[in-house]
Structures are given as structure tokens and as C-alpha cells.
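Visitor: I'd like to ask you about the structure that follows.
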Amino acid sequence: MRFPSTFRAVLSSAAFATIIAAAPHVYAGVKDVPAKPAPVTAADQGSSAAEIKITATIRKALLANRSLSFAAQNATVITVGSTVTLRGSVATAAEKTWIESLAKKTAGVMAVDCLLEVTK
């Protein structure tokens with residue numbers, strides 16, 4: 001038995017409405033999903049004297065530590081306000097931990113976002 005196309009449209013829209021009513025959080029729409037912030041890049045580096053000082057202090061300490069791998073010494077340090085973001089690769093988990101603790105204990109730093117990746 002074939003149903004007229006309008007009946008099929010009503011039936012399918014009723015079924016769709018039932019599905020949406022059963023799980024409204026799944027079909028809430030894109031506008032309800034919080035936007036994921038864009039990752040911080042070197043272009044976001046703050047230009048205030050305090051931000052530049054924080055970045056320079058951390059960079060100098062990285063370069064002064066000869067026990068760090070070349071990659072770790074060249075980790076990207078980005079300061080925006082009082083938040084430091086660390087990006088790049090390091091050779092060991094110990095290097096990652098050391099760099100993160102260095103950033104946390106630097107004067108003026110309130111938060112550290114450690115995005116360093118261990119390559120070995």
C-alpha cells in the first residue's frame with residue numbers, strides 16, 4: 001500500500017519531533033555549544049613591559065640550562081597578561097616538568113598552560 005507524499009512528510013516530521021523531544025541535548029543546535037577558544041600562538045604575545053619581562057626571564061633560563069635538549073631550549077614561550085603558554089617539543093617528561101615549574105615560579109606568572117609534547 002502506498003501512502004500519499006504529504007502523509008509520508010507528516011509521518012516523518014512527527015517521528016523527527018519525537019526523536020528531538022527524547023534527546024534535546026543532542027539536537028540543541030550549534031549555537032548552544034560553547035566555542036572552543038583558538039590556541040595561543042606566538043602572534044598573541046603581549047606587548048606590555050611586564051609580559052615581555054616574563055617571557056624574557058623564562059627564555060633566558062631555558063637557554064642557560066645546558067642540560068636541556070636543543071628542542072627544549074627552543075620551546076615557545078608566550079605571555080598574555082599573567083598567563084604563560086608553553087608550546088613545542090621536549091625530549092623527556094623531566095624536561096617538560098622542569099620547564100613548567102620554571103614558568104610557574106617566575107615572578108608575575110599566575111597561570112601556566114603547558115602544551116609541550118614529549119617526543120621520545
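By convention in this document, the chains of the C-alpha cells carry letters A, B, ... by their order, each chain's residues are numbered from 1, and ligands are numbered from 1 in the order they are shown.
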For stretch 94-119 of chain A against stretch 48-52 of chain A, with a cut-off of 10 Å and counting only C-alpha atoms, what is the closest atom pair and its distance in Å to one decimal for every residue that makes the cut, ordered by chain and number, as a Markdown table?

Guide:
```
| residue | atom | partner | partner_atom | distance |
| --- | --- | --- | --- | --- |
| A:Ala107 | CA | A:Ala50 | CA | 9.8 |
| A:Gly108 | CA | A:Ala50 | CA | 7.7 |
| A:Val109 | CA | A:Glu51 | CA | 9.2 |
```

Visitor: Show me, as JSON, numbers by chain, the residues that have an atom within 12 Å of A:Lys105 when counting only C-alpha atoms, minus same-chain residues fewer than 4 positions from it.

Guide: {"A": [54, 57, 58, 61, 84, 98, 99, 100, 101, 109, 110, 111, 112]}

Visitor: Hey, can you spit out that residue selection with N, CA and C atoms as a compact mmCIF listing (two decimals), in the first residue's frame?

Guide:
```
# COMPACT_ATOMS: atom_id res chain seq x y z
N ILE A 54 58.41 38.76 31.58
CA ILE A 54 58.14 37.37 31.94
C ILE A 54 58.69 36.43 30.87
N THR A 57 62.55 36.40 30.86
CA THR A 57 63.10 35.70 32.03
C THR A 57 63.07 34.19 31.81
N ILE A 58 61.96 33.68 31.32
CA ILE A 58 61.83 32.24 31.08
C ILE A 58 62.77 31.80 29.96
N ALA A 61 66.38 31.58 31.11
CA ALA A 61 66.61 30.40 31.95
C ALA A 61 66.67 29.12 31.10
N VAL A 84 51.14 32.24 31.06
CA VAL A 84 52.21 31.80 30.17
C VAL A 84 51.76 30.52 29.48
N TRP A 98 60.32 20.30 34.29
CA TRP A 98 61.24 21.36 34.70
C TRP A 98 60.84 22.70 34.09
N ILE A 99 60.52 22.71 32.81
CA ILE A 99 60.14 23.96 32.14
C ILE A 99 58.84 24.50 32.71
N GLU A 100 57.88 23.62 32.95
CA GLU A 100 56.60 24.05 33.52
C GLU A 100 56.80 24.64 34.91
N SER A 101 57.63 24.00 35.74
CA SER A 101 57.86 24.54 37.09
C SER A 101 58.63 25.85 37.03
N VAL A 109 53.79 35.51 37.10
CA VAL A 109 53.01 34.47 36.43
C VAL A 109 51.92 33.96 37.38
N MET A 110 50.68 33.99 36.91
CA MET A 110 49.56 33.50 37.70
C MET A 110 49.06 32.14 37.21
N ALA A 111 49.28 31.83 35.93
CA ALA A 111 48.81 30.56 35.37
C ALA A 111 49.76 30.12 34.26
N VAL A 112 49.89 28.80 34.10
CA VAL A 112 50.73 28.24 33.04
C VAL A 112 49.91 27.21 32.28
```

Visitor: Skipping near chain neighbours, those fewer than 3 positions away, what residues fall within 8 Å of A:Val90 using only C-alpha atoms, listed as a compact mmCIF listing (two decimals) with N, CA and C atoms, in the first residue's frame?

Guide:
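After the write, selection-v1.txt holds the following:
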```txt
# COMPACT_ATOMS: atom_id res chain seq x y z
N SER A 69 67.64 19.55 26.20
CA SER A 69 67.83 19.25 24.78
C SER A 69 67.68 20.52 23.96
N ALA A 71 65.72 21.04 21.50
CA ALA A 71 64.29 21.32 21.32
C ALA A 71 63.70 22.01 22.55
N ALA A 72 64.07 21.54 23.73
CA ALA A 72 63.55 22.13 24.96
C ALA A 72 64.04 23.56 25.14
N ALA A 75 61.84 25.93 23.18
CA ALA A 75 60.39 25.89 23.39
C ALA A 75 59.83 27.31 23.24
N ALA A 93 60.00 13.67 29.69
CA ALA A 93 58.98 14.17 30.60
C ALA A 93 59.61 15.04 31.68
N GLU A 95 62.13 17.10 31.28
CA GLU A 95 62.31 18.44 30.71
C GLU A 95 60.99 19.20 30.74
N LYS A 96 59.92 18.53 30.39
CA LYS A 96 58.61 19.17 30.39
C LYS A 96 58.26 19.66 31.79
N LEU A 116 53.54 21.55 25.97
CA LEU A 116 54.76 20.89 25.49
C LEU A 116 54.48 19.42 25.24
N GLU A 117 55.09 18.88 24.18
CA GLU A 117 54.90 17.47 23.83
C GLU A 117 56.22 16.74 23.97
N VAL A 118 56.18 15.59 24.64
CA VAL A 118 57.36 14.75 24.78
C VAL A 118 57.49 13.92 23.52
N THR A 119 58.65 14.00 22.86
CA THR A 119 58.83 13.32 21.58
C THR A 119 59.42 11.93 21.69
```

Visitor: Would you work out the distance separating atom CA of A:Thr97 from atom CA of A:Thr76, expressed in Å to one decimal?

Guide: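 Atom CA of A:Thr76 lies at a distance of 15.0 Å from atom CA of A:Thr97.
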
Visitor: Separation of atom CA of A:Ala43 and atom CA of A:Ser67, in Å?

Guide: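 Separation of atom CA of A:Ala43 and atom CA of A:Ser67: 28.7 Å.
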
Visitor: Enumerate, as a ChimeraX atom specification, the complete set of residues in stretch 53-113 of chain A that a backbone-based DSSP assignment places in strand (DSSP E or B).

Guide: /A:76-80,83-90,111-113

Visitor: Those residues you just picked out, can you put them in a file as a CSV table (one decimal), in the first residue's frame with C-alpha atoms?

Guide:
```csv
chain,number,residue,atom,x,y,z
A,76,THR,CA,58.0,28.7,22.5
A,77,VAL,CA,57.1,30.9,25.5
A,78,ILE,CA,54.0,33.1,25.1
A,79,THR,CA,52.8,35.5,27.7
A,80,VAL,CA,49.4,37.1,27.6
A,83,THR,CA,49.3,33.6,31.8
A,84,VAL,CA,52.2,31.8,30.2
A,85,THR,CA,51.7,29.3,27.4
A,86,LEU,CA,54.5,26.8,26.6
A,87,ARG,CA,54.5,25.2,23.2
A,88,GLY,CA,56.9,22.9,21.3
A,89,SER,CA,58.5,19.6,21.9
A,90,VAL,CA,60.9,18.3,24.5
A,111,ALA,CA,48.8,30.6,35.4
A,112,VAL,CA,50.7,28.2,33.0
A,113,ASP,CA,49.2,26.4,30.1
```

Visitor: Which value, in Å to one decimal, gives the distance between atom CA of A:Leu62 and atom CA of A:Thr106?

Guide: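 Here the two named atoms are 12.3 Å from each other.
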